[in-house]
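Printed here is target_7.cif (mmCIF, C-alpha atoms and all ligand atoms):
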data_run
loop_
_atom_site.label_atom_id
_atom_site.label_comp_id
_atom_site.auth_asym_id
_atom_site.auth_seq_id
_atom_site.Cartn_x
_atom_site.Cartn_y
_atom_site.Cartn_z
CA MET A 1 -17.07 -9.15 -24.62
CA PRO A 2 -16.68 -5.40 -25.08
CA LEU A 3 -15.58 -3.47 -21.99
CA ASP A 4 -18.50 -3.02 -19.59
CA PRO A 5 -17.36 -0.88 -16.62
CA SER A 6 -20.80 -1.06 -14.99
CA ARG A 7 -20.28 -4.81 -14.62
CA THR A 8 -17.20 -4.08 -12.49
CA VAL A 9 -19.31 -2.00 -10.10
CA ALA A 10 -21.97 -4.72 -9.95
CA GLU A 11 -19.34 -7.38 -9.24
CA LEU A 12 -17.76 -5.30 -6.48
CA ARG A 13 -21.18 -5.00 -4.87
CA GLU A 14 -21.64 -8.75 -5.19
CA LEU A 15 -18.32 -9.32 -3.45
CA ARG A 16 -19.29 -6.88 -0.69
CA GLU A 17 -22.53 -8.77 -0.11
CA SER A 18 -20.87 -12.18 0.06
CA THR A 19 -17.74 -11.36 2.11
CA GLY A 20 -18.70 -8.36 4.22
CA ASP A 21 -21.04 -7.64 7.09
CA GLU A 22 -22.57 -4.57 8.74
CA ASN A 23 -19.07 -3.52 9.88
CA GLY A 24 -17.45 -3.72 6.44
CA ALA A 25 -15.25 -6.07 4.42
CA GLN A 26 -13.94 -9.13 6.30
CA ARG A 27 -11.55 -10.66 3.76
CA VAL A 28 -8.54 -10.85 6.07
CA ALA A 29 -5.77 -12.89 4.45
CA TRP A 30 -5.27 -16.49 5.62
CA THR A 31 -8.89 -16.85 6.79
CA PRO A 32 -11.82 -18.85 5.37
CA THR A 33 -13.59 -15.68 4.16
CA TRP A 34 -10.51 -14.69 2.17
CA GLU A 35 -10.35 -18.15 0.57
CA ARG A 36 -14.03 -17.85 -0.27
CA ALA A 37 -13.45 -14.47 -1.94
CA ARG A 38 -10.57 -15.96 -3.93
CA GLU A 39 -12.73 -18.82 -5.06
CA TRP A 40 -15.39 -16.34 -6.15
CA LEU A 41 -12.74 -14.51 -8.16
CA ARG A 42 -11.68 -17.77 -9.85
CA GLY A 43 -15.31 -18.31 -10.78
CA LYS A 44 -15.45 -14.90 -12.47
CA LEU A 45 -12.51 -15.83 -14.69
CA GLY A 46 -13.51 -19.45 -15.30
CA GLU A 47 -15.01 -18.89 -18.73
CA LEU A 48 -12.07 -17.06 -20.24
CA PRO A 49 -9.25 -18.86 -22.13
CA LEU A 50 -6.77 -18.38 -19.28
CA GLU A 51 -4.20 -20.55 -17.52
CA TYR A 52 -4.58 -20.50 -13.74
CA GLU A 53 -1.81 -20.98 -11.22
CA ARG A 54 -1.36 -20.44 -7.50
CA ASP A 55 2.33 -19.77 -6.83
CA GLU A 56 4.54 -20.75 -3.86
CA ALA A 57 3.77 -17.50 -2.01
CA GLY A 58 0.00 -17.98 -2.36
CA ASN A 59 -0.45 -15.45 -5.17
CA GLN A 60 -3.09 -16.31 -7.79
CA TRP A 61 -2.18 -15.81 -11.46
CA TRP A 62 -4.31 -15.91 -14.60
CA THR A 63 -2.46 -15.90 -17.91
CA LEU A 64 -3.74 -15.03 -21.37
CA ARG A 65 -1.02 -16.22 -23.77
CA GLY A 66 0.11 -13.64 -26.31
CA ASP A 67 2.40 -13.67 -29.36
CA SER A 68 5.32 -12.99 -27.04
CA ASP A 69 6.21 -14.53 -23.66
CA ARG A 70 6.91 -11.08 -22.33
CA ALA A 71 4.02 -10.21 -20.07
CA LEU A 72 1.93 -7.22 -19.14
CA LEU A 73 0.89 -7.69 -15.50
CA ILE A 74 -2.20 -6.20 -13.90
CA GLY A 75 -2.35 -6.60 -10.13
CA GLY A 76 -4.47 -6.17 -7.04
CA HIS A 77 -5.31 -7.85 -3.75
CA ILE A 78 -8.59 -9.34 -2.62
CA ASP A 79 -7.62 -9.36 1.07
CA SER A 80 -8.90 -6.56 3.27
CA VAL A 81 -8.32 -5.24 6.77
CA PRO A 82 -10.98 -6.31 9.32
CA ASN A 83 -14.01 -4.01 8.98
CA GLY A 84 -12.46 -2.71 5.77
CA GLY A 85 -13.82 -0.88 2.76
CA TRP A 86 -15.45 -2.39 -0.31
CA LEU A 87 -12.92 -1.13 -2.88
CA ASP A 88 -9.40 -1.31 -1.45
CA GLY A 89 -7.51 -3.91 -3.47
CA CYS A 90 -10.48 -5.63 -5.09
CA LEU A 91 -11.29 -2.71 -7.40
CA ASN A 92 -7.84 -3.29 -8.94
CA LEU A 93 -8.66 -6.94 -9.57
CA MET A 94 -12.19 -6.55 -10.83
CA ALA A 95 -11.14 -3.75 -13.19
CA GLY A 96 -8.36 -6.09 -14.33
CA VAL A 97 -10.91 -8.87 -14.89
CA GLU A 98 -12.94 -6.56 -17.12
CA VAL A 99 -9.86 -5.52 -19.11
CA LEU A 100 -8.87 -9.19 -19.52
CA ARG A 101 -12.34 -10.02 -20.83
CA ARG A 102 -12.05 -7.28 -23.43
CA ILE A 103 -8.53 -8.27 -24.50
CA ALA A 104 -9.37 -12.00 -24.63
CA GLU A 105 -12.32 -11.33 -26.90
CA GLU A 106 -10.14 -9.50 -29.39
CA GLY A 107 -7.97 -12.59 -29.88
CA THR A 108 -4.29 -13.21 -29.17
CA PRO A 109 -2.61 -10.08 -27.75
CA PRO A 110 0.88 -9.06 -28.94
CA VAL A 111 2.35 -9.80 -25.51
CA THR A 112 1.06 -12.12 -22.79
CA VAL A 113 -1.35 -10.54 -20.32
CA ARG A 114 -1.50 -11.73 -16.70
CA LEU A 115 -3.70 -10.82 -13.76
CA VAL A 116 -2.31 -11.35 -10.27
CA ASP A 117 -4.17 -11.47 -6.97
CA TRP A 118 -1.35 -10.84 -4.46
CA ALA A 119 -1.58 -12.74 -1.20
CA ASP A 120 -1.87 -10.66 1.98
CA GLU A 121 -1.18 -7.11 0.88
CA GLU A 122 -2.64 -5.69 4.07
CA GLY A 123 -0.76 -7.69 6.69
CA ALA A 124 -3.82 -7.34 8.92
CA ARG A 125 -3.57 -10.63 10.78
CA PHE A 126 0.21 -10.87 11.34
CA GLY A 127 1.24 -7.22 11.15
CA ARG A 128 3.44 -7.26 8.07
CA SER A 129 2.23 -6.05 4.67
CA LEU A 130 2.99 -7.10 1.06
CA PHE A 131 3.64 -10.79 1.79
CA GLY A 132 3.02 -12.21 -1.69
CA SER A 133 4.45 -9.34 -3.71
CA SER A 134 7.62 -9.06 -1.60
CA ALA A 135 8.20 -12.82 -1.97
CA ALA A 136 7.79 -12.53 -5.74
CA SER A 137 10.15 -9.56 -5.97
CA GLY A 138 12.66 -11.22 -3.67
CA SER A 139 12.72 -8.26 -1.29
CA MET A 140 11.37 -10.32 1.62
CA ALA A 141 14.39 -10.20 3.91
CA ASP A 142 12.66 -11.13 7.16
CA GLN A 143 11.67 -14.74 6.55
CA GLU A 144 12.82 -15.87 10.00
CA GLU A 145 10.87 -13.11 11.67
CA ILE A 146 7.81 -14.01 9.59
CA ARG A 147 8.10 -17.65 10.63
CA ASN A 148 7.69 -16.79 14.29
CA ARG A 149 5.22 -13.95 14.10
CA THR A 150 1.92 -14.79 15.78
CA ASP A 151 -1.60 -13.45 15.44
CA ALA A 152 -3.77 -12.18 18.32
CA ASP A 153 -4.66 -15.78 19.21
CA GLY A 154 -1.01 -16.88 19.36
CA ILE A 155 -1.14 -18.83 16.08
CA ARG A 156 2.23 -18.82 14.32
CA TRP A 157 2.26 -17.32 10.87
CA GLU A 158 4.23 -20.24 9.45
CA ASP A 159 1.48 -22.60 10.62
CA ALA A 160 -1.29 -20.43 9.20
CA LEU A 161 0.59 -20.30 5.89
CA ARG A 162 0.90 -24.07 5.78
CA GLU A 163 -2.82 -24.40 6.41
CA HIS A 164 -3.35 -22.32 3.26
CA GLY A 165 -0.91 -24.33 1.17
CA VAL A 166 2.13 -22.05 1.50
CA ASP A 167 5.49 -23.46 2.56
CA LEU A 168 7.50 -20.47 3.78
CA ASP A 169 10.78 -22.10 2.76
CA ARG A 170 9.59 -22.19 -0.84
CA ALA A 171 7.93 -18.75 -0.97
CA PHE A 172 10.85 -17.26 -2.91
CA ASP A 173 10.16 -19.67 -5.77
CA ALA A 174 7.40 -17.19 -6.65
CA ARG A 175 10.17 -15.02 -8.10
CA ARG A 176 10.00 -16.82 -11.43
CA GLN A 177 6.55 -15.25 -11.91
CA LEU A 178 8.17 -11.87 -12.53
CA GLU A 179 10.91 -13.13 -14.86
CA ASN A 180 9.14 -12.22 -18.11
CA ALA A 181 7.38 -9.14 -16.83
CA ALA A 182 7.44 -6.28 -19.34
CA ALA A 183 5.27 -3.92 -17.31
CA TYR A 184 3.07 -3.83 -14.20
CA LEU A 185 -0.15 -1.83 -13.87
CA GLU A 186 -2.33 -1.28 -10.83
CA LEU A 187 -5.48 0.77 -10.34
CA HIS A 188 -6.22 1.63 -6.72
CA ILE A 189 -8.45 3.95 -4.75
CA GLU A 190 -6.49 7.01 -3.66
CA GLN A 191 -7.22 6.57 0.07
CA GLY A 192 -6.53 10.28 0.47
CA PRO A 193 -8.27 13.60 -0.30
CA VAL A 194 -6.15 15.05 -3.13
CA LEU A 195 -8.18 14.07 -6.21
CA GLU A 196 -11.45 15.00 -4.53
CA SER A 197 -10.07 18.41 -3.60
CA LEU A 198 -9.11 18.94 -7.26
CA ASP A 199 -12.49 17.65 -8.42
CA LEU A 200 -10.77 15.00 -10.54
CA PRO A 201 -12.02 11.41 -10.81
CA VAL A 202 -8.72 9.72 -11.77
CA GLY A 203 -5.01 10.55 -11.56
CA ALA A 204 -1.63 9.11 -12.57
CA VAL A 205 0.66 8.02 -9.75
CA ILE A 206 4.35 8.96 -10.01
CA GLY A 207 5.65 6.65 -7.28
CA THR A 208 5.46 5.78 -3.63
CA PHE A 209 6.88 7.94 -0.88
CA GLY A 210 10.10 7.11 0.91
CA VAL A 211 9.37 6.64 4.60
CA GLU A 212 11.41 7.19 7.77
CA ARG A 213 9.85 5.85 10.99
CA TRP A 214 11.51 6.55 14.33
CA GLN A 215 10.87 6.20 18.03
CA ILE A 216 12.22 9.14 20.02
CA THR A 217 12.70 8.81 23.75
CA TRP A 218 12.87 11.96 25.86
CA ARG A 219 14.21 11.58 29.43
CA GLY A 220 13.74 14.22 32.12
CA GLN A 221 13.04 13.99 35.83
CA ALA A 222 9.78 13.11 37.55
CA ALA A 223 9.02 15.83 40.12
CA HIS A 224 6.05 16.88 42.21
CA ALA A 225 3.61 19.07 40.32
CA GLY A 226 3.03 21.24 43.39
CA SER A 227 6.50 21.72 44.83
CA THR A 228 8.69 22.04 41.73
CA PRO A 229 9.09 25.62 40.46
CA MET A 230 8.57 26.12 36.75
CA ASP A 231 12.19 27.02 36.07
CA GLU A 232 13.56 23.93 37.80
CA ARG A 233 11.75 21.30 35.82
CA ARG A 234 13.21 18.76 33.44
CA ASP A 235 10.00 18.04 31.56
CA ALA A 236 10.38 15.27 28.95
CA LEU A 237 7.02 16.09 27.39
CA ALA A 238 8.15 19.67 26.66
CA GLY A 239 10.77 18.34 24.27
CA ALA A 240 8.28 16.03 22.54
CA ALA A 241 5.72 18.84 22.31
CA LYS A 242 8.20 21.25 20.72
CA LEU A 243 9.22 18.59 18.18
CA ALA A 244 5.60 17.77 17.35
CA LEU A 245 5.13 21.40 16.29
CA GLU A 246 8.56 21.80 14.67
CA ILE A 247 7.95 18.97 12.17
CA ARG A 248 5.24 21.09 10.56
CA ASP A 249 7.93 23.58 9.56
CA VAL A 250 10.24 20.75 8.52
CA ALA A 251 7.56 19.52 6.10
CA ARG A 252 6.72 23.02 4.89
CA ARG A 253 10.38 23.83 4.17
CA ALA A 254 10.85 20.54 2.30
CA GLY A 255 7.76 21.11 0.10
CA GLY A 256 6.91 18.70 -2.72
CA GLY A 257 4.15 17.00 -0.78
CA ALA A 258 6.32 16.33 2.30
CA VAL A 259 4.45 14.98 5.32
CA CYS A 260 5.59 14.56 8.92
CA THR A 261 3.47 12.99 11.64
CA SER A 262 4.01 12.54 15.34
CA GLY A 263 1.50 9.76 15.72
CA GLY A 264 1.80 9.20 19.45
CA VAL A 265 3.48 10.22 22.68
CA VAL A 266 3.37 7.97 25.74
CA CYS A 267 4.28 9.67 29.02
CA LYS A 268 5.55 8.24 32.29
CA PRO A 269 4.67 8.35 35.07
CA GLY A 270 1.60 9.74 33.32
CA ILE A 271 -0.17 11.05 36.39
CA VAL A 272 -1.66 14.46 36.98
CA THR A 273 0.60 15.26 39.95
CA SER A 274 3.98 14.68 38.30
CA VAL A 275 6.22 16.34 35.74
CA VAL A 276 6.78 13.86 32.87
CA GLU A 277 9.95 11.83 33.32
CA THR A 278 9.89 9.84 30.07
CA ALA A 279 8.08 10.65 26.83
CA VAL A 280 8.26 8.09 24.03
CA GLN A 281 7.33 9.77 20.78
CA LEU A 282 6.63 8.28 17.33
CA LEU A 283 7.65 10.07 14.16
CA ASP A 284 6.81 9.26 10.53
CA GLN A 285 8.30 11.33 7.67
CA ARG A 286 7.60 10.84 3.96
CA HIS A 287 8.85 12.32 0.71
CA MET A 288 9.24 11.34 -2.96
CA ASP A 289 12.87 12.48 -3.08
CA ALA A 290 15.47 10.52 -1.12
CA ALA A 291 17.81 13.48 -0.53
CA THR A 292 14.96 15.68 0.67
CA LEU A 293 13.73 12.92 2.97
CA ALA A 294 17.23 12.59 4.43
CA ARG A 295 17.35 16.34 5.00
CA MET A 296 13.94 16.28 6.72
CA LEU A 297 15.24 13.65 9.10
CA GLU A 298 18.44 15.63 9.80
CA GLU A 299 16.44 18.78 10.49
CA ALA A 300 14.12 17.00 12.91
CA GLN A 301 17.07 15.42 14.70
CA ALA A 302 18.95 18.72 14.96
CA ALA A 303 15.83 20.44 16.29
CA SER A 304 15.39 17.71 18.90
CA GLU A 305 18.97 18.26 20.15
CA ARG A 306 18.21 21.96 20.49
CA PHE A 307 14.97 21.29 22.37
CA ALA A 308 16.74 18.82 24.65
CA ARG A 309 19.25 21.53 25.62
CA GLU A 310 16.50 24.12 26.11
CA GLU A 311 14.51 21.79 28.36
CA ASP A 312 17.50 20.18 30.09
CA VAL A 313 16.40 16.69 29.07
CA GLU A 314 17.99 13.88 27.08
CA VAL A 315 16.85 12.68 23.69
CA GLU A 316 17.56 9.43 21.89
CA TRP A 317 16.48 8.30 18.41
CA GLU A 318 15.83 4.71 17.39
CA ARG A 319 14.79 3.76 13.85
CA ILE A 320 11.66 1.61 13.59
CA TRP A 321 11.59 1.17 9.81
CA ASN A 322 12.46 2.95 6.58
CA ILE A 323 12.09 2.55 2.84
CA GLN A 324 13.50 4.52 -0.07
CA PRO A 325 11.13 6.38 -2.40
CA ILE A 326 10.14 4.26 -5.39
CA LEU A 327 9.62 6.16 -8.64
CA PHE A 328 7.38 4.68 -11.29
CA HIS A 329 8.50 4.40 -14.92
CA PRO A 330 8.51 7.85 -16.61
CA GLU A 331 7.20 6.55 -19.94
CA LEU A 332 4.41 4.59 -18.26
CA VAL A 333 3.53 7.62 -16.11
CA GLU A 334 3.21 9.51 -19.40
CA LEU A 335 0.91 6.79 -20.82
CA ALA A 336 -1.14 6.78 -17.62
CA ASP A 337 -1.51 10.53 -17.78
CA GLU A 338 -2.67 10.25 -21.43
CA ALA A 339 -5.16 7.51 -20.57
CA VAL A 340 -6.64 9.61 -17.77
CA ARG A 341 -6.94 12.67 -20.02
CA GLU A 342 -8.68 10.62 -22.69
CA VAL A 343 -11.40 9.37 -20.37
CA ALA A 344 -11.69 12.25 -17.88
CA GLY A 345 -10.68 15.33 -19.90
CA ARG A 346 -7.83 16.28 -17.58
CA SER A 347 -5.35 14.57 -15.34
CA HIS A 348 -3.14 15.12 -12.33
CA ARG A 349 0.08 13.41 -11.27
CA LEU A 350 0.40 12.58 -7.61
CA PRO A 351 2.59 10.53 -5.30
CA SER A 352 1.24 7.66 -3.26
CA GLY A 353 1.47 8.06 0.51
CA PRO A 354 0.56 4.45 1.31
CA LEU A 355 2.70 1.60 0.02
CA HIS A 356 1.15 -0.74 -2.54
CA ASP A 357 2.05 -4.07 -4.13
CA ALA A 358 3.16 -2.02 -7.16
CA ALA A 359 6.20 -0.89 -5.15
CA GLU A 360 7.59 -4.44 -5.25
CA PRO A 361 7.81 -4.96 -9.04
CA ALA A 362 8.94 -1.32 -9.37
CA ARG A 363 11.85 -1.73 -6.94
CA ILE A 364 13.31 -4.60 -8.95
CA GLY A 365 13.19 -2.60 -12.16
CA ILE A 366 9.95 -3.75 -13.80
CA PRO A 367 8.39 -0.73 -15.53
CA THR A 368 5.45 0.07 -13.28
CA VAL A 369 2.72 2.65 -12.95
CA MET A 370 -0.47 3.08 -10.95
CA LEU A 371 -3.74 4.91 -11.44
CA PHE A 372 -5.66 6.37 -8.53
CA VAL A 373 -9.40 6.91 -8.48
CA GLN A 374 -10.90 9.47 -6.15
CA SER A 375 -11.84 8.35 -2.63
CA LEU A 376 -14.79 10.20 -1.13
CA ARG A 377 -13.62 12.21 1.91
CA GLY A 378 -10.28 10.46 1.49
CA LEU A 379 -11.49 7.61 3.71
CA SER A 380 -10.21 4.04 3.55
CA HIS A 381 -9.70 1.03 5.81
CA THR A 382 -13.20 1.66 7.12
CA LYS A 383 -16.68 0.64 5.99
CA LEU A 384 -17.16 4.34 5.11
CA GLU A 385 -14.71 3.97 2.23
CA ASP A 386 -16.51 4.92 -0.98
CA THR A 387 -16.16 6.20 -4.54
CA LYS A 388 -18.94 7.37 -6.83
CA PRO A 389 -20.02 4.61 -9.26
CA GLU A 390 -19.48 6.90 -12.25
CA HIS A 391 -15.90 7.49 -11.09
CA LEU A 392 -15.35 3.76 -10.68
CA GLU A 393 -16.53 3.27 -14.24
CA LEU A 394 -14.22 5.99 -15.53
CA ALA A 395 -11.36 4.33 -13.66
CA VAL A 396 -12.05 0.99 -15.37
CA GLN A 397 -12.00 2.79 -18.72
CA ALA A 398 -8.74 4.51 -17.81
CA LEU A 399 -7.13 1.20 -16.84
CA ASP A 400 -8.34 -0.30 -20.12
CA ARG A 401 -6.85 2.55 -22.15
CA LEU A 402 -3.63 2.31 -20.19
CA ALA A 403 -3.48 -1.46 -20.79
CA THR A 404 -3.90 -0.93 -24.55
CA LYS A 405 -1.16 1.71 -24.61
CA THR A 406 1.16 -0.39 -22.47
CA LEU A 407 0.64 -3.48 -24.65
CA ALA A 408 1.73 -1.44 -27.68
CA TRP A 409 4.62 0.00 -25.68
CA ALA A 410 5.76 -3.45 -24.50
CA ALA A 411 5.49 -4.96 -28.00
CA ARG A 412 7.59 -2.20 -29.62
ZN ZN B 1 -4.90 -1.81 -1.15
#
Translate this file's structure into structure tokens.
Amino acid sequence: MPLDPSRTVAELRELRESTGDENGAQRVAWTPTWERAREWLRGKLGELPLEYERDEAGNQWWTLRGDSDRALLIGGHIDSVPNGGWLDGCLNLMAGVEVLRRIAEEGTPPVTVRLVDWADEEGARFGRSLFGSSAASGSMADQEEIRNRTDADGIRWEDALREHGVDLDRAFDARRQLENAAAYLELHIEQGPVLESLDLPVGAVIGTFGVERWQITWRGQAAHAGSTPMDERRDALAGAAKLALEIRDVARRAGGGAVCTSGGVVCKPGIVTSVVETAVQLLDQRHMDAATLARMLEEAQAASERFAREEDVEVEWERIWNIQPILFHPELVELADEAVREVAGRSHRLPSGPLHDAAEPARIGIPTVMLFVQSLRGLSHTKLEDTKPEHLELAVQALDRLATKTLAWAAR
């Protein structure tokens, strides 16, 4: 079958009809709807000359044997968040299906081509993302924590996994799936506004941001709102407020797409008649360059010490989570850029703010690159998530071109 990008759009609509409702996509991992979506996907690939396998971490693999055992991988995830969008994760897969159809028709490829449907990219039910891909890459370091995590109904993750045929103690056996990987490709919706603002349908992704996530606790003194003069207050919220504004300058000074977000401040006692005694603030900082990210963190911490002195309060930092920036392979980024220019006339290279499964093969040294297709209004993880059909079709073409180039690159 020659490449038919309009079929991808039709199949995505079909999936939306069968696994979504009026609130959006409902393919939450480790649920019956997710299994149904996965079965539907197997049906789409049933007629191709592929080997099928479900690995120990629950990932689904389809393999088209090539002249060499070295493998080009194309990945995505069919799971969604509750009330999710119709493209996040499944576009990657359905575009991959179309590319596989085209390659299979042309006979035996020079290297093996594999499509992977990663299990539980979103982490929607148990609050931890990238389950299947982090097991396959071996980066899953929190197996004990995973075992005991529970969902909103108190069901243990380990039990839910077993119900879906995954034995947590054997999940790492999925690592052999990446042993022969020569390259990993993933097409994803951008989930942000950059490509739309540049009026570009598709772009080449240079890597995923490094992230620093911290909880900052400011401690002052609760005092009566009526009887405490302004110059005698120890207002914990004042420190948090100053920091929330300061991080804009921190990001501006860092440049290179730096972002800093104070995503929440919880105040105690939190009543209208009291100065704030405790303010617990959340901070998220992201950058593509590890040294710059470290400097952004230092600057925010130094500023917080200054604000604490100015406001006569105490400040304490506690790390929630962090990850180093992950740069994609320079030669594959070049090929991705070429592929985009060939189908769309011009291209743009951009970092990924969100993490994706692609980060996992990339961090263990498998040459990796992603393509982004424009997201309308930058919206995702909502039923409002959308991309113009003509842009989806261009994205399928771009992935196809990139696959052809990467096959030649991997066979060299
Ligand atoms: Zn996704």
- All residues 7 Å or closer to stretch 155-172 of chain A, all atoms listed in the file, same chain fewer than 2 positions away omitted, as a list in words: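 Counting all atoms listed in the file, the residues come to Trp30, Glu56, Ala57, Gly58, Phe126, Ala135, Ala136, Gly138, Ile146, Arg147, Asn148, Arg149, Thr150, Asp151, Asp153, Ala174 and Arg175 of chain A.
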- Task: Excluding stretch 280-289 of chain A and any residue of its chain fewer than 5 positions from it, enumerate the residues within 9 Å of it, using only C-alpha atoms, and give them as a PyMOL selection string.
- Result: chain A and resi 206-219+236-237+240+244+247+251+254-268+294+296-297+324-327+351-353
- Out of A:Glu144, A:Glu179, A:Asp4, A:Glu196, which residue has the shortest atom-to-atom distance to A:Phe372 when counting only C-alpha atoms?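 Closest candidate: A:Glu196.
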- Message: If we count all atoms listed in the file and set the cut-off at 8 Å, which residues sit around stretch 338-346 of chain A, ignoring sequence neighbours fewer than 6 positions away in its own chain? Please answer as number ranges by chain.
- Response: A: 200-204, 394, 397-399, 401-402
Sorted by chain and rising residue number, which residues of stretch 96-162 of chain A lie within 10 Å of stretch 31-47 of chain A, and what are their closest atom pairs and distances in Å to one decimal, counting only C-alpha atoms, as a Markdown table?
| residue | atom | partner | partner_atom | distance |
| --- | --- | --- | --- | --- |
| A:Val97 | CA | A:Leu45 | CA | 7.1 |
| A:Glu98 | CA | A:Leu45 | CA | 9.6 |
| A:Leu100 | CA | A:Leu45 | CA | 9.0 |
| A:Arg101 | CA | A:Leu45 | CA | 8.5 |
| A:Asp117 | CA | A:Arg38 | CA | 8.4 |
| A:Ala119 | CA | A:Trp34 | CA | 9.7 |
| A:Asp120 | CA | A:Trp34 | CA | 9.5 |
| A:Arg125 | CA | A:Thr31 | CA | 9.1 |
| A:Ala160 | CA | A:Thr31 | CA | 8.7 |
- Query: ligand ZN 1 (chain B): which residues are within 8 Å, counting only C-alpha atoms and all ligand atoms, as a ChimeraX atom specification?
  - Reply: /A:76-77,80,88-90,121-122,188-189,356-357
- Query: Pick the closest to A:Pro354 from A:Leu93, A:Leu50, A:Val205, A:Ala222: which is it, counting all atoms listed in the file?
  - Reply: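 Of A:Leu93, A:Leu50, A:Val205, A:Ala222, the one nearest A:Pro354 is A:Val205, counting all atoms listed in the file.
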- Can you tell me how far atom CA of A:Ala29 sits from atom CA of A:Ile366, in Å to one decimal? 25.8 Å
- May I have the residues within 9 Å of stretch 60-65 of chain A as a VMD selection string, using only C-alpha atoms and disregarding those fewer than 6 positions away in the same chain? chain A and resid 38 42 45 48 to 54 71 100 103 to 104 108 to 109 111 to 119 177
- Task: Give as a list of chain:residue names each residue that has an atom at most 9 Å from (2.8, -6.7, -20.2) in the file, counting all atoms listed in the file.
- Result: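 Those residues, ordered by chain and then number, are A:Arg70, A:Ala71, A:Leu72, A:Leu73, A:Ile74, A:Val111, A:Thr112, A:Val113, A:Arg114, A:Asn180, A:Ala181, A:Ala182, A:Ala183, A:Tyr184, A:Leu185, A:Ala403, A:Thr406, A:Leu407, A:Trp409, A:Ala410, A:Ala411.
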- Measure the distance from atom CA of A:Glu232 to atom CA of A:Thr278 in Å and round it to one decimal. 16.5 Å
Within 12 Å of (-19.3, -1.2, -15.6), only C-alpha atoms: residues as a CSV table (one decimal) with C-alpha atoms, in the frame of the given file?
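Contents of part.csv, as written:
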chain,number,residue,atom,x,y,z
A,2,PRO,CA,-16.7,-5.4,-25.1
A,3,LEU,CA,-15.6,-3.5,-22.0
A,4,ASP,CA,-18.5,-3.0,-19.6
A,5,PRO,CA,-17.4,-0.9,-16.6
A,6,SER,CA,-20.8,-1.1,-15.0
A,7,ARG,CA,-20.3,-4.8,-14.6
A,8,THR,CA,-17.2,-4.1,-12.5
A,9,VAL,CA,-19.3,-2.0,-10.1
A,10,ALA,CA,-22.0,-4.7,-10.0
A,11,GLU,CA,-19.3,-7.4,-9.2
A,12,LEU,CA,-17.8,-5.3,-6.5
A,13,ARG,CA,-21.2,-5.0,-4.9
A,91,LEU,CA,-11.3,-2.7,-7.4
A,94,MET,CA,-12.2,-6.6,-10.8
A,95,ALA,CA,-11.1,-3.8,-13.2
A,97,VAL,CA,-10.9,-8.9,-14.9
A,98,GLU,CA,-12.9,-6.6,-17.1
A,99,VAL,CA,-9.9,-5.5,-19.1
A,389,PRO,CA,-20.0,4.6,-9.3
A,390,GLU,CA,-19.5,6.9,-12.2
A,391,HIS,CA,-15.9,7.5,-11.1
A,392,LEU,CA,-15.4,3.8,-10.7
A,393,GLU,CA,-16.5,3.3,-14.2
A,394,LEU,CA,-14.2,6.0,-15.5
A,395,ALA,CA,-11.4,4.3,-13.7
A,396,VAL,CA,-12.0,1.0,-15.4
A,397,GLN,CA,-12.0,2.8,-18.7
A,400,ASP,CA,-8.3,-0.3,-20.1
- Item | Separation of atom CA of A:Arg349 from atom CA of A:Pro330, in Å and rounded to one decimal |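 Atom CA of A:Pro330 lies at a distance of 11.4 Å from atom CA of A:Arg349.
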- Note on the structure: Min atom-atom distance to A:Ala308 from the set A:Lys242, A:His381, A:Arg253, A:Arg176, counting all atoms listed in the file, belongs to A:Lys242
- Message: Between A:Gly66, A:Gly107, A:Pro229, A:Pro361, which residue has the minimum interatomic distance to A:Gly132, considering all atoms listed in the file?
- Response: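 Under the stated criterion, the closest residue is A:Pro361.
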Output, as lines of an AutoDock Vina configuration file, the centre and edge lengths in Å (one decimal) of the axis-aligned box that contains all listed atoms of stretch 83-94 of chain A with 8 Å of margin on each side.
center_x = -11.5
center_y = -3.9
center_z = -0.9
size_x = 23.9
size_y = 22.1
size_z = 35.8
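The closest residue to A:Leu293, picked from A:Ile364, A:Met370, A:Ile323, A:Ala152 and counting only C-alpha atoms, is A:Ile323.
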- Item | Pick from A:Ala362, A:Val369, A:Ala225, A:Leu384 nearest to A:Ser139, counting all atoms listed in the file |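 Selected residue with least distance to A:Ser139: A:Ala362.
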